[in-house]
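*Asks:* Pasting entry20.txt below, which is compact mmCIF, C-alpha atoms.
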# COMPACT_ATOMS: atom_id res chain seq x y z
CA MET A 25 10.11 -30.25 33.37
CA ALA A 26 8.39 -30.70 30.06
CA MET A 27 10.15 -29.47 26.95
CA THR A 28 8.87 -26.10 25.77
CA MET A 29 9.17 -23.73 22.85
CA GLN A 30 8.79 -19.99 22.45
CA VAL A 31 5.51 -19.05 20.72
CA ASP A 32 4.77 -15.61 19.27
CA ILE A 33 1.50 -14.73 17.60
CA VAL A 34 1.83 -11.35 15.92
CA SER A 35 -0.36 -9.38 13.56
CA ALA A 36 0.33 -6.10 11.79
CA GLU A 37 -1.67 -4.30 14.41
CA GLU A 38 -0.59 -5.89 17.66
CA ASN A 39 1.35 -8.56 19.48
CA VAL A 40 -1.36 -11.05 20.36
CA PHE A 41 0.48 -13.70 22.31
CA SER A 42 4.01 -14.27 23.40
CA GLY A 43 5.10 -17.00 25.77
CA THR A 44 6.33 -20.56 26.18
CA ALA A 45 4.28 -23.57 25.20
CA GLN A 46 4.42 -27.36 25.15
CA TYR A 47 2.23 -27.85 22.14
CA LEU A 48 0.54 -25.85 19.42
CA SER A 49 -2.01 -26.76 16.80
CA ALA A 50 -3.32 -24.75 13.86
CA ARG A 51 -5.22 -25.16 10.63
CA ALA A 52 -2.87 -25.22 7.66
CA ALA A 53 -3.83 -25.20 3.98
CA ASN A 54 -3.83 -29.01 3.78
CA GLY A 55 -5.28 -29.77 7.20
CA GLU A 56 -4.66 -29.52 10.91
CA VAL A 57 -1.06 -29.47 12.11
CA GLY A 58 0.30 -30.06 15.59
CA ILE A 59 3.71 -28.73 16.55
CA LEU A 60 5.84 -30.01 19.42
CA PRO A 61 9.18 -28.58 20.50
CA ARG A 62 12.15 -29.49 18.25
CA HIS A 63 10.04 -29.73 15.15
CA ALA A 64 11.91 -29.40 11.85
CA PRO A 65 11.91 -25.88 10.32
CA MET A 66 8.67 -25.38 8.46
CA LEU A 67 6.72 -22.61 6.74
CA LEU A 68 2.97 -23.06 6.37
CA GLN A 69 0.16 -21.02 4.99
CA LEU A 70 -2.71 -20.92 7.50
CA GLN A 71 -6.45 -21.20 6.96
CA PRO A 72 -8.92 -19.15 8.93
CA GLY A 73 -9.44 -21.02 12.19
CA GLU A 74 -8.31 -21.40 15.73
CA VAL A 75 -4.80 -21.79 17.02
CA ARG A 76 -4.56 -23.79 20.22
CA VAL A 77 -1.60 -23.30 22.48
CA THR A 78 -0.89 -25.56 25.45
CA ASN A 79 1.18 -23.47 27.81
CA GLU A 80 3.80 -24.54 30.31
CA ALA A 81 1.23 -25.28 33.00
CA GLY A 82 -0.64 -27.58 30.61
CA GLU A 83 -3.55 -25.19 30.13
CA GLN A 84 -4.99 -24.69 26.70
CA GLU A 85 -5.43 -21.22 25.23
CA MET A 86 -7.25 -20.50 22.02
CA TYR A 87 -6.76 -17.75 19.49
CA TYR A 88 -8.53 -17.05 16.29
CA VAL A 89 -6.57 -16.20 13.14
CA SER A 90 -8.10 -15.32 9.80
CA GLY A 91 -5.18 -16.65 7.82
CA GLY A 92 -1.48 -15.95 7.76
CA VAL A 93 1.80 -17.81 7.89
CA LEU A 94 3.17 -20.20 10.50
CA GLU A 95 6.92 -20.33 10.86
CA VAL A 96 8.45 -23.19 12.83
CA GLN A 97 12.01 -23.31 14.13
CA PRO A 98 13.10 -26.04 16.57
CA HIS A 99 12.42 -23.89 19.63
CA ILE A 100 10.63 -20.86 18.23
CA VAL A 101 7.22 -20.83 16.60
CA THR A 102 5.96 -17.63 15.04
CA ILE A 103 2.52 -17.02 13.64
CA LEU A 104 2.33 -14.04 11.31
CA SER A 105 -1.39 -13.59 11.48
CA ASP A 106 -3.51 -11.46 9.18
CA THR A 107 -5.71 -10.26 12.00
CA ALA A 108 -5.45 -12.26 15.15
CA VAL A 109 -8.02 -11.42 17.74
CA ARG A 110 -8.36 -13.17 21.06
CA ALA A 111 -11.01 -15.81 20.54
CA ALA A 112 -12.90 -14.74 23.64
CA ASP A 113 -13.19 -11.23 22.24
CA LEU A 114 -14.97 -12.35 19.12
CA ASP A 115 -18.48 -11.12 18.86
CA GLU A 116 -20.58 -14.17 18.13
CA ALA A 117 -23.51 -12.08 17.04
CA ALA A 118 -21.37 -10.25 14.50
CA ALA A 119 -20.01 -13.51 13.15
CA ALA A 120 -23.51 -14.95 12.84
CA GLU A 121 -24.67 -11.77 11.18
CA ALA A 122 -21.79 -11.86 8.71
CA LYS A 123 -22.61 -15.50 7.97
CA ARG A 124 -26.26 -14.73 7.43
CA ARG A 125 -25.42 -11.86 5.11
CA ALA A 126 -22.93 -13.97 3.20
CA GLU A 127 -25.44 -16.80 2.81
CA GLU A 128 -28.12 -14.41 1.67
CA ALA A 129 -25.77 -12.98 -0.92
CA LEU A 130 -24.97 -16.52 -2.08
CA LYS A 131 -28.65 -17.23 -2.65
CA ASP A 132 -29.25 -13.96 -4.42
CA GLN A 133 -26.67 -14.27 -7.14
CA LYS A 134 -28.26 -11.74 -9.40
CA THR A 135 -26.66 -8.93 -7.44
CA ASP A 136 -23.21 -8.11 -8.69
CA ILE A 137 -21.52 -9.34 -5.52
CA ASP A 138 -18.16 -10.97 -5.98
CA PHE A 139 -18.86 -14.67 -5.54
CA ALA A 140 -15.40 -15.67 -4.38
CA LYS A 141 -15.30 -12.89 -1.82
CA THR A 142 -18.62 -13.93 -0.36
CA GLN A 143 -17.54 -17.52 -0.13
CA ALA A 144 -14.40 -16.52 1.72
CA GLU A 145 -16.48 -14.44 4.13
CA LEU A 146 -18.75 -17.41 4.74
CA LEU A 147 -15.80 -19.68 5.42
CA GLU A 148 -14.36 -17.22 7.87
CA ALA A 149 -17.64 -16.72 9.71
CA ILE A 150 -18.06 -20.48 10.10
CA ALA A 151 -14.52 -20.81 11.44
CA GLN A 152 -15.15 -18.01 13.94
CA LEU A 153 -18.36 -19.63 15.13
CA ARG A 154 -16.62 -22.96 15.58
CA THR A 155 -13.89 -21.35 17.68
CA ILE A 156 -16.45 -19.67 19.89
CA ARG A 157 -18.39 -22.89 20.36
CA ARG A 158 -15.27 -24.77 21.43
CA LEU A 159 -14.36 -21.98 23.78
CA ARG A 160 -17.78 -22.22 25.35
CA GLU A 161 -17.48 -25.96 25.86
CA GLN A 162 -14.17 -25.39 27.53
CA ILE A 163 -15.64 -22.90 29.96
CA ARG A 164 -18.47 -25.20 30.95
CA MET B 7 -15.14 54.79 28.30
CA ALA B 8 -15.45 52.86 25.03
CA GLY B 9 -11.77 51.82 24.77
CA ALA B 10 -11.65 49.88 28.03
CA LYS B 11 -14.85 47.97 27.32
CA GLU B 12 -13.68 46.95 23.86
CA ILE B 13 -10.39 45.74 25.21
CA ARG B 14 -12.21 43.73 27.86
CA THR B 15 -14.37 41.88 25.32
CA GLN B 16 -11.26 41.19 23.28
CA ILE B 17 -9.49 39.70 26.29
CA LYS B 18 -12.53 37.52 26.98
CA SER B 19 -12.56 36.17 23.45
CA ILE B 20 -8.83 35.42 23.48
CA GLN B 21 -9.24 33.66 26.80
CA ASN B 22 -11.92 31.45 25.29
CA THR B 23 -9.65 30.61 22.36
CA GLN B 24 -6.84 29.82 24.77
CA LYS B 25 -9.08 27.40 26.64
CA ILE B 26 -9.78 25.55 23.40
CA THR B 27 -6.15 25.38 22.30
CA ARG B 28 -5.09 24.19 25.73
CA ALA B 29 -7.72 21.44 25.66
CA MET B 30 -6.61 20.40 22.17
CA GLU B 31 -3.02 20.30 23.37
CA MET B 32 -3.89 17.91 26.16
CA VAL B 33 -6.04 15.72 23.94
CA ALA B 34 -3.22 15.53 21.38
CA ALA B 35 -0.73 14.61 24.11
CA SER B 36 -2.78 11.65 25.27
CA LYS B 37 -3.55 10.52 21.72
CA MET B 38 0.12 10.74 20.89
CA ARG B 39 0.96 8.34 23.67
CA SER B 40 -1.49 5.72 22.45
CA ALA B 41 -0.32 6.21 18.85
CA GLN B 42 3.25 5.65 19.98
CA GLN B 43 2.16 2.45 21.66
CA ARG B 44 0.52 1.23 18.47
CA MET B 45 3.71 2.08 16.61
CA GLU B 46 5.67 -0.15 18.99
CA SER B 47 3.24 -3.04 18.81
CA SER B 48 3.17 -3.14 15.00
CA ARG B 49 6.96 -3.41 14.79
CA PRO B 50 7.56 -7.10 15.64
CA TYR B 51 5.33 -8.24 12.76
CA ALA B 52 7.39 -6.43 10.12
CA ASP B 53 10.65 -7.48 11.77
CA LYS B 54 9.72 -11.15 11.78
CA ILE B 55 8.48 -11.08 8.19
CA ARG B 56 11.69 -9.41 7.09
CA ARG B 57 13.70 -12.15 8.77
CA VAL B 58 11.71 -14.93 7.13
CA ILE B 59 11.85 -13.27 3.70
CA SER B 60 15.61 -12.84 3.83
CA HIS B 61 15.98 -16.47 4.78
CA LEU B 62 13.60 -17.54 2.03
CA SER B 63 15.37 -15.64 -0.69
CA LEU B 64 18.71 -17.03 0.48
CA ALA B 65 17.43 -20.60 0.59
CA ASN B 66 15.76 -20.35 -2.83
CA PRO B 67 18.07 -18.21 -4.95
CA ASP B 68 16.60 -19.68 -8.14
CA TYR B 69 13.11 -18.38 -7.45
CA SER B 70 12.81 -14.70 -8.10
CA HIS B 71 9.67 -12.77 -7.27
CA PRO B 72 8.72 -9.62 -9.22
CA PHE B 73 8.78 -7.69 -5.93
CA LEU B 74 12.48 -8.38 -5.58
CA GLU B 75 13.52 -7.55 -9.14
CA GLU B 76 15.04 -4.22 -10.06
CA ARG B 77 13.51 -2.87 -13.26
CA GLU B 78 14.24 0.19 -15.32
CA VAL B 79 12.14 2.91 -13.72
CA LYS B 80 9.62 4.37 -16.13
CA ARG B 81 6.61 4.78 -13.90
CA ILE B 82 6.62 5.45 -10.19
CA GLY B 83 3.77 4.95 -7.76
CA TYR B 84 3.65 7.23 -4.74
CA VAL B 85 1.67 6.24 -1.67
CA VAL B 86 1.14 9.55 0.12
CA ILE B 87 0.10 9.41 3.76
CA SER B 88 -1.24 12.59 5.32
CA SER B 89 -3.41 13.49 8.27
CA ASP B 90 -7.18 13.76 8.05
CA ARG B 91 -7.40 16.98 9.97
CA GLY B 92 -5.48 20.22 10.07
CA LEU B 93 -4.27 22.37 12.98
CA CYS B 94 -1.09 20.37 13.20
CA GLY B 95 1.50 22.95 12.25
CA GLY B 96 3.46 22.44 9.05
CA LEU B 97 3.29 18.66 9.13
CA ASN B 98 1.46 18.04 5.84
CA THR B 99 2.93 21.10 4.13
CA ASN B 100 6.45 19.88 4.87
CA LEU B 101 5.67 16.48 3.37
CA PHE B 102 4.15 17.96 0.21
CA ARG B 103 7.03 20.40 -0.08
CA LYS B 104 9.43 17.48 -0.11
CA LEU B 105 7.30 15.47 -2.52
CA ILE B 106 6.54 18.13 -5.16
CA PRO B 107 10.15 18.71 -6.36
CA GLU B 108 10.50 14.94 -6.53
CA LEU B 109 7.42 14.72 -8.77
CA ALA B 110 8.70 17.58 -10.93
CA ARG B 111 12.08 15.87 -11.27
CA ALA B 112 10.43 12.59 -12.26
CA GLU B 113 8.38 14.41 -14.88
CA GLN B 114 11.47 16.12 -16.27
CA GLU B 115 13.23 12.80 -16.66
CA GLY B 116 10.25 11.45 -18.56
CA GLN B 117 8.99 9.24 -15.76
CA ASP B 118 5.27 8.94 -15.23
CA TYR B 119 3.85 8.88 -11.77
CA GLU B 120 0.65 7.71 -10.14
CA LEU B 121 -0.63 8.56 -6.70
CA ALA B 122 -2.41 6.61 -3.99
CA LEU B 123 -3.59 8.99 -1.30
CA ILE B 124 -4.29 8.19 2.32
CA GLY B 125 -5.80 10.95 4.46
CA ASN B 126 -8.06 13.92 3.73
CA LYS B 127 -5.30 16.50 3.46
CA ALA B 128 -3.49 14.65 0.69
CA VAL B 129 -6.77 14.21 -1.19
CA GLN B 130 -7.52 17.93 -0.93
CA PHE B 131 -3.99 18.94 -1.85
CA PHE B 132 -3.77 16.85 -4.99
CA ARG B 133 -7.25 17.87 -6.08
CA ARG B 134 -5.82 21.38 -6.37
CA HIS B 135 -2.33 20.41 -7.52
CA GLY B 136 -3.38 17.82 -10.07
CA GLY B 137 -1.78 14.47 -10.81
CA LYS B 138 -3.03 11.01 -11.65
CA VAL B 139 -4.71 9.68 -8.53
CA VAL B 140 -5.47 5.96 -8.72
CA ALA B 141 -6.64 5.28 -5.17
CA GLU B 142 -7.83 7.17 -2.14
CA ALA B 143 -8.53 6.32 1.48
CA ALA B 144 -9.59 8.93 4.00
CA GLN B 145 -11.26 9.25 7.39
CA LEU B 146 -9.28 6.46 8.99
CA GLY B 147 -9.62 7.93 12.46
CA ASP B 148 -7.12 7.64 15.28
CA THR B 149 -7.06 3.85 15.31
CA PRO B 150 -6.65 2.81 11.68
CA ARG B 151 -7.41 -0.79 10.78
CA LEU B 152 -5.34 -2.64 8.24
CA THR B 153 -8.55 -3.62 6.49
CA ASP B 154 -9.20 0.04 5.66
CA LEU B 155 -5.89 0.23 3.82
CA ILE B 156 -5.86 -3.09 1.98
CA GLY B 157 -7.85 -1.75 -0.98
CA THR B 158 -5.50 1.14 -1.56
CA ILE B 159 -2.40 -0.99 -1.21
CA LYS B 160 -3.80 -3.68 -3.49
CA VAL B 161 -4.35 -1.19 -6.30
CA MET B 162 -0.67 -0.29 -6.19
CA LEU B 163 0.57 -3.87 -5.78
CA ASP B 164 -1.54 -5.07 -8.70
CA LYS B 165 -0.18 -2.32 -10.88
CA TYR B 166 3.33 -3.19 -9.84
CA GLU B 167 2.80 -6.85 -10.60
CA ALA B 168 1.25 -6.03 -13.96
CA GLY B 169 4.31 -3.99 -14.81
CA GLU B 170 2.42 -0.70 -14.87
CA LEU B 171 4.61 0.63 -12.10
CA ASP B 172 8.32 0.03 -11.69
CA ARG B 173 8.80 1.47 -8.26
CA ILE B 174 6.59 2.23 -5.28
CA VAL B 175 7.52 5.00 -2.90
CA LEU B 176 5.94 5.54 0.50
CA CYS B 177 5.65 9.18 1.65
CA TYR B 178 4.94 9.80 5.32
CA ASN B 179 6.15 11.69 8.35
CA GLU B 180 8.58 9.78 10.49
CA PHE B 181 8.12 10.20 14.22
CA VAL B 182 11.59 11.05 15.51
CA ASN B 183 10.48 12.49 18.81
CA THR B 184 7.82 14.86 20.12
CA MET B 185 9.56 17.93 18.74
CA THR B 186 10.78 16.51 15.44
CA GLN B 187 8.87 14.86 12.63
CA GLN B 188 10.82 14.04 9.52
CA PRO B 189 9.10 13.81 6.11
CA ARG B 190 10.30 10.63 4.44
CA LEU B 191 10.17 9.20 0.91
CA ASP B 192 10.97 5.50 1.26
CA THR B 193 11.17 3.06 -1.62
CA VAL B 194 8.96 0.10 -0.74
CA LEU B 195 9.18 -1.86 -3.97
CA PRO B 196 11.35 -3.35 -5.32
CA LEU B 197 12.47 -4.62 -1.94
CA PRO B 198 16.17 -4.20 -1.34
CA ALA B 199 17.89 -7.53 -1.92
CA ALA B 200 18.83 -9.47 1.19
CA GLU B 201 22.51 -9.27 2.05
CA GLU B 202 24.40 -12.42 1.38
CA GLN B 203 25.51 -13.82 4.66
CA LEU B 204 27.57 -16.83 5.50
CA ARG B 205 25.44 -19.52 7.00
CA GLU B 206 26.93 -22.12 9.23
CA HIS B 207 24.27 -24.68 8.61
CA ALA B 208 22.61 -24.84 5.24
CA TRP B 209 19.03 -25.71 6.09
CA ASP B 210 15.69 -25.03 4.54
CA TYR B 211 12.09 -24.98 5.61
CA LEU B 212 9.48 -27.57 4.79
CA TYR B 213 6.91 -25.69 2.76
CA GLU B 214 3.21 -25.97 2.45
CA PRO B 215 1.78 -25.46 -0.13
CA SER B 216 4.94 -24.30 -2.02
CA PRO B 217 7.87 -21.91 -1.49
CA ALA B 218 6.64 -19.61 -4.26
CA GLU B 219 3.16 -19.25 -2.80
CA VAL B 220 4.38 -18.67 0.72
CA LEU B 221 6.92 -16.13 -0.46
CA ASP B 222 4.27 -14.34 -2.49
CA LEU B 223 1.94 -14.13 0.50
CA LEU B 224 4.71 -12.97 2.80
CA LEU B 225 5.89 -10.24 0.45
CA LYS B 226 2.39 -8.85 0.10
CA ARG B 227 1.84 -8.91 3.85
CA TYR B 228 5.18 -7.24 4.29
CA VAL B 229 4.31 -4.33 2.01
CA GLU B 230 0.94 -4.00 3.73
CA SER B 231 2.60 -3.88 7.10
CA LEU B 232 5.05 -1.25 5.87
CA VAL B 233 2.20 0.97 4.71
CA TYR B 234 0.29 0.34 7.92
CA GLN B 235 3.35 1.28 9.93
CA GLY B 236 3.70 4.45 7.88
CA VAL B 237 0.10 5.33 8.66
CA VAL B 238 0.51 4.67 12.38
CA GLU B 239 3.74 6.63 12.47
CA ASN B 240 2.09 9.49 10.62
CA ILE B 241 -0.68 9.58 13.20
CA ALA B 242 1.84 9.75 16.02
CA SER B 243 3.59 12.57 14.13
CA GLU B 244 0.28 14.35 13.58
CA GLN B 245 -0.59 14.28 17.26
CA ALA B 246 2.91 15.39 18.27
CA ALA B 247 2.84 18.24 15.75
CA ARG B 248 -0.64 19.26 16.91
CA MET B 249 0.45 19.19 20.52
CA VAL B 250 3.39 21.48 19.80
CA ALA B 251 1.31 23.78 17.57
CA MET B 252 -1.42 24.07 20.20
CA LYS B 253 1.10 24.68 22.96
CA SER B 254 2.61 27.60 21.07
CA ALA B 255 -0.90 28.87 20.28
CA SER B 256 -1.77 28.78 23.99
CA ASP B 257 1.48 30.58 24.83
CA ASN B 258 0.83 33.23 22.20
CA ALA B 259 -2.68 33.73 23.52
CA GLY B 260 -1.19 34.19 27.00
CA ASN B 261 1.21 36.88 25.74
CA LEU B 262 -1.59 38.62 23.90
CA ILE B 263 -3.77 38.62 27.00
CA ASP B 264 -0.94 40.09 29.08
CA GLU B 265 -0.43 42.91 26.59
CA LEU B 266 -4.13 43.62 26.32
CA GLN B 267 -4.47 43.56 30.10
CA LEU B 268 -1.79 46.22 30.32
CA ALA B 269 -3.53 48.34 27.69
CA TYR B 270 -6.84 47.83 29.50
CA ASN B 271 -5.37 48.94 32.83
CA LYS B 272 -3.87 52.03 31.24
CA ALA B 273 -7.15 52.92 29.57
CA ARG B 274 -9.04 52.45 32.82
CA GLN B 275 -6.50 54.58 34.71
CA ALA B 276 -6.72 57.31 32.09
CA ALA B 277 -10.52 57.27 32.31
CA ILE B 278 -10.43 57.63 36.11
CA THR B 279 -7.89 60.47 35.90
CA THR B 280 -9.95 62.46 33.40
CA GLU B 281 -13.08 61.92 35.47
CA LEU B 282 -11.32 63.10 38.62
CA SER B 283 -9.88 66.19 37.00
CA GLU B 284 -13.31 66.98 35.55
CA ILE B 285 -14.86 66.73 39.02
CA ALA B 286 -12.06 68.83 40.49
CA ALA B 287 -12.52 71.47 37.76
CA GLY B 288 -16.28 71.43 38.34
CA ALA B 289 -15.83 71.88 42.11
CA GLU B 290 -13.48 74.80 41.57
CA ALA B 291 -15.94 76.52 39.24
CA VAL B 292 -18.68 76.40 41.89
For this file, write the structure as structure tokens.

*Replies:*
Amino acid sequence: MAMTMQVDIVSAEENVFSGTAQYLSARAANGEVGILPRHAPMLLQLQPGEVRVTNEAGEQEMYYVSGGVLEVQPHIVTILSDTAVRAADLDEAAAAEAKRRAEEALKDQKTDIDFAKTQAELLEAIAQLRTIRRLREQIR
Amino acid sequence: MAGAKEIRTQIKSIQNTQKITRAMEMVAASKMRSAQQRMESSRPYADKIRRVISHLSLANPDYSHPFLEEREVKRIGYVVISSDRGLCGGLNTNLFRKLIPELARAEQEGQDYELALIGNKAVQFFRRHGGKVVAEAAQLGDTPRLTDLIGTIKVMLDKYEAGELDRIVLCYNEFVNTMTQQPRLDTVLPLPAAEEQLREHAWDYLYEPSPAEVLDLLLKRYVESLVYQGVVENIASEQAARMVAMKSASDNAGNLIDELQLAYNKARQAAITTELSEIAAGAEAV
């Protein structure tokens, strides 16, 4: 039997995922990280993006997180997500709409919209779109 | 007979009211269940953060965050969580009744206070009562989102960080069980220091980007989750209180209807008796 670790993805609002996994990858502040069982203890700040979990059966599951903290213990991995929503639940249209709005606001800088906030929104919308696209490819 | 007819219309109207209160009772009961569920599901997040924070502050005793430092208390920030709607018994009144003496005491001791209000009832109450309100959030609905609260919480956190507030207190109704809701005033900041515990293996995390930044993020998320939990708990309390209030309203309406029914029967009987005796008297006269 392959070595496994306990993975919990929790947000303030709900428990998104809880189960055993062989492998997990996420987007940290300085790039993508992959975690295998018996990894050294680690605490990472996460970027908006997808978290991929390979479960015991070897199937890959994908979740979207819009930032948060990843805590690694040798056999327990916890993601304290800001708002983790199941990737499949994401509304692509809403993400595209948010992206369009953010881009429009970027172009029209005369309005007193907070530049940094808009940029963050744009980044998040792009990350959501990418997750959805990958999910689609997986389904096909 | 005027009396009987009047009583009958009154019974009708009370019956209609009873129907409404009974419906509200059932709606509150089902909403309470889902609110309780949300309460449960938001708990692991706070628990896990608390665990990581206590480990962090033990592993890095040299780094001290403003959120963990005790300061002399000159200004207090109160985050008051109330319901948006009424008809929930004494829920909000009890909370305000606990809070007001506290505010008066703070004022007497020369401490300033600022208020962040969540929920319509708190907004209305402090508009009448007065007080320095720095942030408001209302109309959160039955399924509050954390994003709706972030603004309000940030105002308080920023003030705390800037040294404009020395303590932040969260006021909400704790959901003990369906019959009991306990108004609570909990100190959120500064966070109580982690208890020193003997560790068998001295180990530390690898950090990215740095311990200070991660700790800062975690502490903020922790406070947000505490406030969110307070809000969710308050909603569960609100629904429970409403359920109980509506149940007693329905019961009272039932009693009232019984009494009126009795009065109505008596009035009807009296009317029939007088009519009969009038007929009898008339027959005799003929």

*Asks:* How close does each residue of chain A get to chain B, giving the shortest atom pair and distance in Å to one decimal for every residue with an atom at most 8 Å away, counting all atoms listed in the file, sorted by chain and residue number, as JSON lines?

*Replies:*
{"residue": "A:Val34", "atom": "CA", "partner": "B:Tyr51", "partner_atom": "CA", "distance": 5.6}
{"residue": "A:Ser35", "atom": "CA", "partner": "B:Tyr51", "partner_atom": "CA", "distance": 5.9}
{"residue": "A:Ala36", "atom": "CA", "partner": "B:Ser48", "partner_atom": "CA", "distance": 5.2}
{"residue": "A:Glu37", "atom": "CA", "partner": "B:Ser48", "partner_atom": "CA", "distance": 5.0}
{"residue": "A:Glu38", "atom": "CA", "partner": "B:Ser47", "partner_atom": "CA", "distance": 4.9}
{"residue": "A:Asn39", "atom": "CA", "partner": "B:Ser47", "partner_atom": "CA", "distance": 5.9}
{"residue": "A:Ala53", "atom": "CA", "partner": "B:Pro215", "partner_atom": "CA", "distance": 7.0}
{"residue": "A:Asn54", "atom": "CA", "partner": "B:Pro215", "partner_atom": "CA", "distance": 7.7}
{"residue": "A:Ala64", "atom": "CA", "partner": "B:Tyr211", "partner_atom": "CA", "distance": 7.6}
{"residue": "A:Pro65", "atom": "CA", "partner": "B:Tyr211", "partner_atom": "CA", "distance": 4.8}
{"residue": "A:Met66", "atom": "CA", "partner": "B:Leu212", "partner_atom": "CA", "distance": 4.3}
{"residue": "A:Leu67", "atom": "CA", "partner": "B:Tyr213", "partner_atom": "CA", "distance": 5.0}
{"residue": "A:Leu68", "atom": "CA", "partner": "B:Glu214", "partner_atom": "CA", "distance": 4.9}
{"residue": "A:Gln69", "atom": "CA", "partner": "B:Glu214", "partner_atom": "CA", "distance": 6.3}
{"residue": "A:Val93", "atom": "CA", "partner": "B:Leu224", "partner_atom": "CA", "distance": 7.6}
{"residue": "A:Leu104", "atom": "CA", "partner": "B:Tyr51", "partner_atom": "CA", "distance": 6.7}
{"residue": "A:Asp106", "atom": "CA", "partner": "B:Arg227", "partner_atom": "CA", "distance": 8.0}

*Asks:* What gap, in Å, lies between atom CA of Val85 of chain B and atom CA of Gly169 of chain B?

*Replies:*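 Atom-to-atom, atom CA of Val85 of chain B to atom CA of Gly169 of chain B, that is 16.9 Å.
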
*Asks:* Restricting the calculation to all atoms listed in the file, which member of A:Gly92, A:Pro98, A:Gly55, A:Pro72 is positioned closest to Ala144 of chain A?

*Replies:*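 Smallest separation from Ala144 of chain A among the options: A:Pro72.
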
*Asks:* Go ahead and fit an axis-aligned box to every listed atom of segment 227-239 of chain B plus 4 Å each side, and pass me the centre and edge lengths in Å, one decimal, as lines of an AutoDock Vina configuration file.

*Replies:*
center_x = 2.6
center_y = -1.1
center_z = 7.2
size_x = 13.1
size_y = 23.5
size_z = 18.5

*Asks:* Interatomic distance between atom CA of Asp164 of chain B and atom CA of Glu113 of chain B?

*Replies:*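 Here the two named atoms are 22.7 Å from each other.
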
*Asks:* Which residue, B:Ser256, B:Gly136, B:Glu244, B:Asn126, has the smallest gap to Val182 of chain B when you use all atoms listed in the file?

*Replies:*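 Closest candidate: B:Glu244.
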
*Asks:* Can you tell me, as a CSV table (one decimal) with C-alpha atoms, in the coordinates of the input, which residues sit within 9 Å of (-7.5, -21.1, 7.6) in the file's frame, using only C-alpha atoms?

*Replies:*
chain,number,residue,atom,x,y,z
A,50,ALA,CA,-3.3,-24.8,13.9
A,51,ARG,CA,-5.2,-25.2,10.6
A,52,ALA,CA,-2.9,-25.2,7.7
A,53,ALA,CA,-3.8,-25.2,4.0
A,55,GLY,CA,-5.3,-29.8,7.2
A,69,GLN,CA,0.2,-21.0,5.0
A,70,LEU,CA,-2.7,-20.9,7.5
A,71,GLN,CA,-6.4,-21.2,7.0
A,72,PRO,CA,-8.9,-19.2,8.9
A,73,GLY,CA,-9.4,-21.0,12.2
A,74,GLU,CA,-8.3,-21.4,15.7
A,89,VAL,CA,-6.6,-16.2,13.1
A,90,SER,CA,-8.1,-15.3,9.8
A,91,GLY,CA,-5.2,-16.6,7.8
A,92,GLY,CA,-1.5,-16.0,7.8
A,147,LEU,CA,-15.8,-19.7,5.4
A,148,GLU,CA,-14.4,-17.2,7.9
A,151,ALA,CA,-14.5,-20.8,11.4
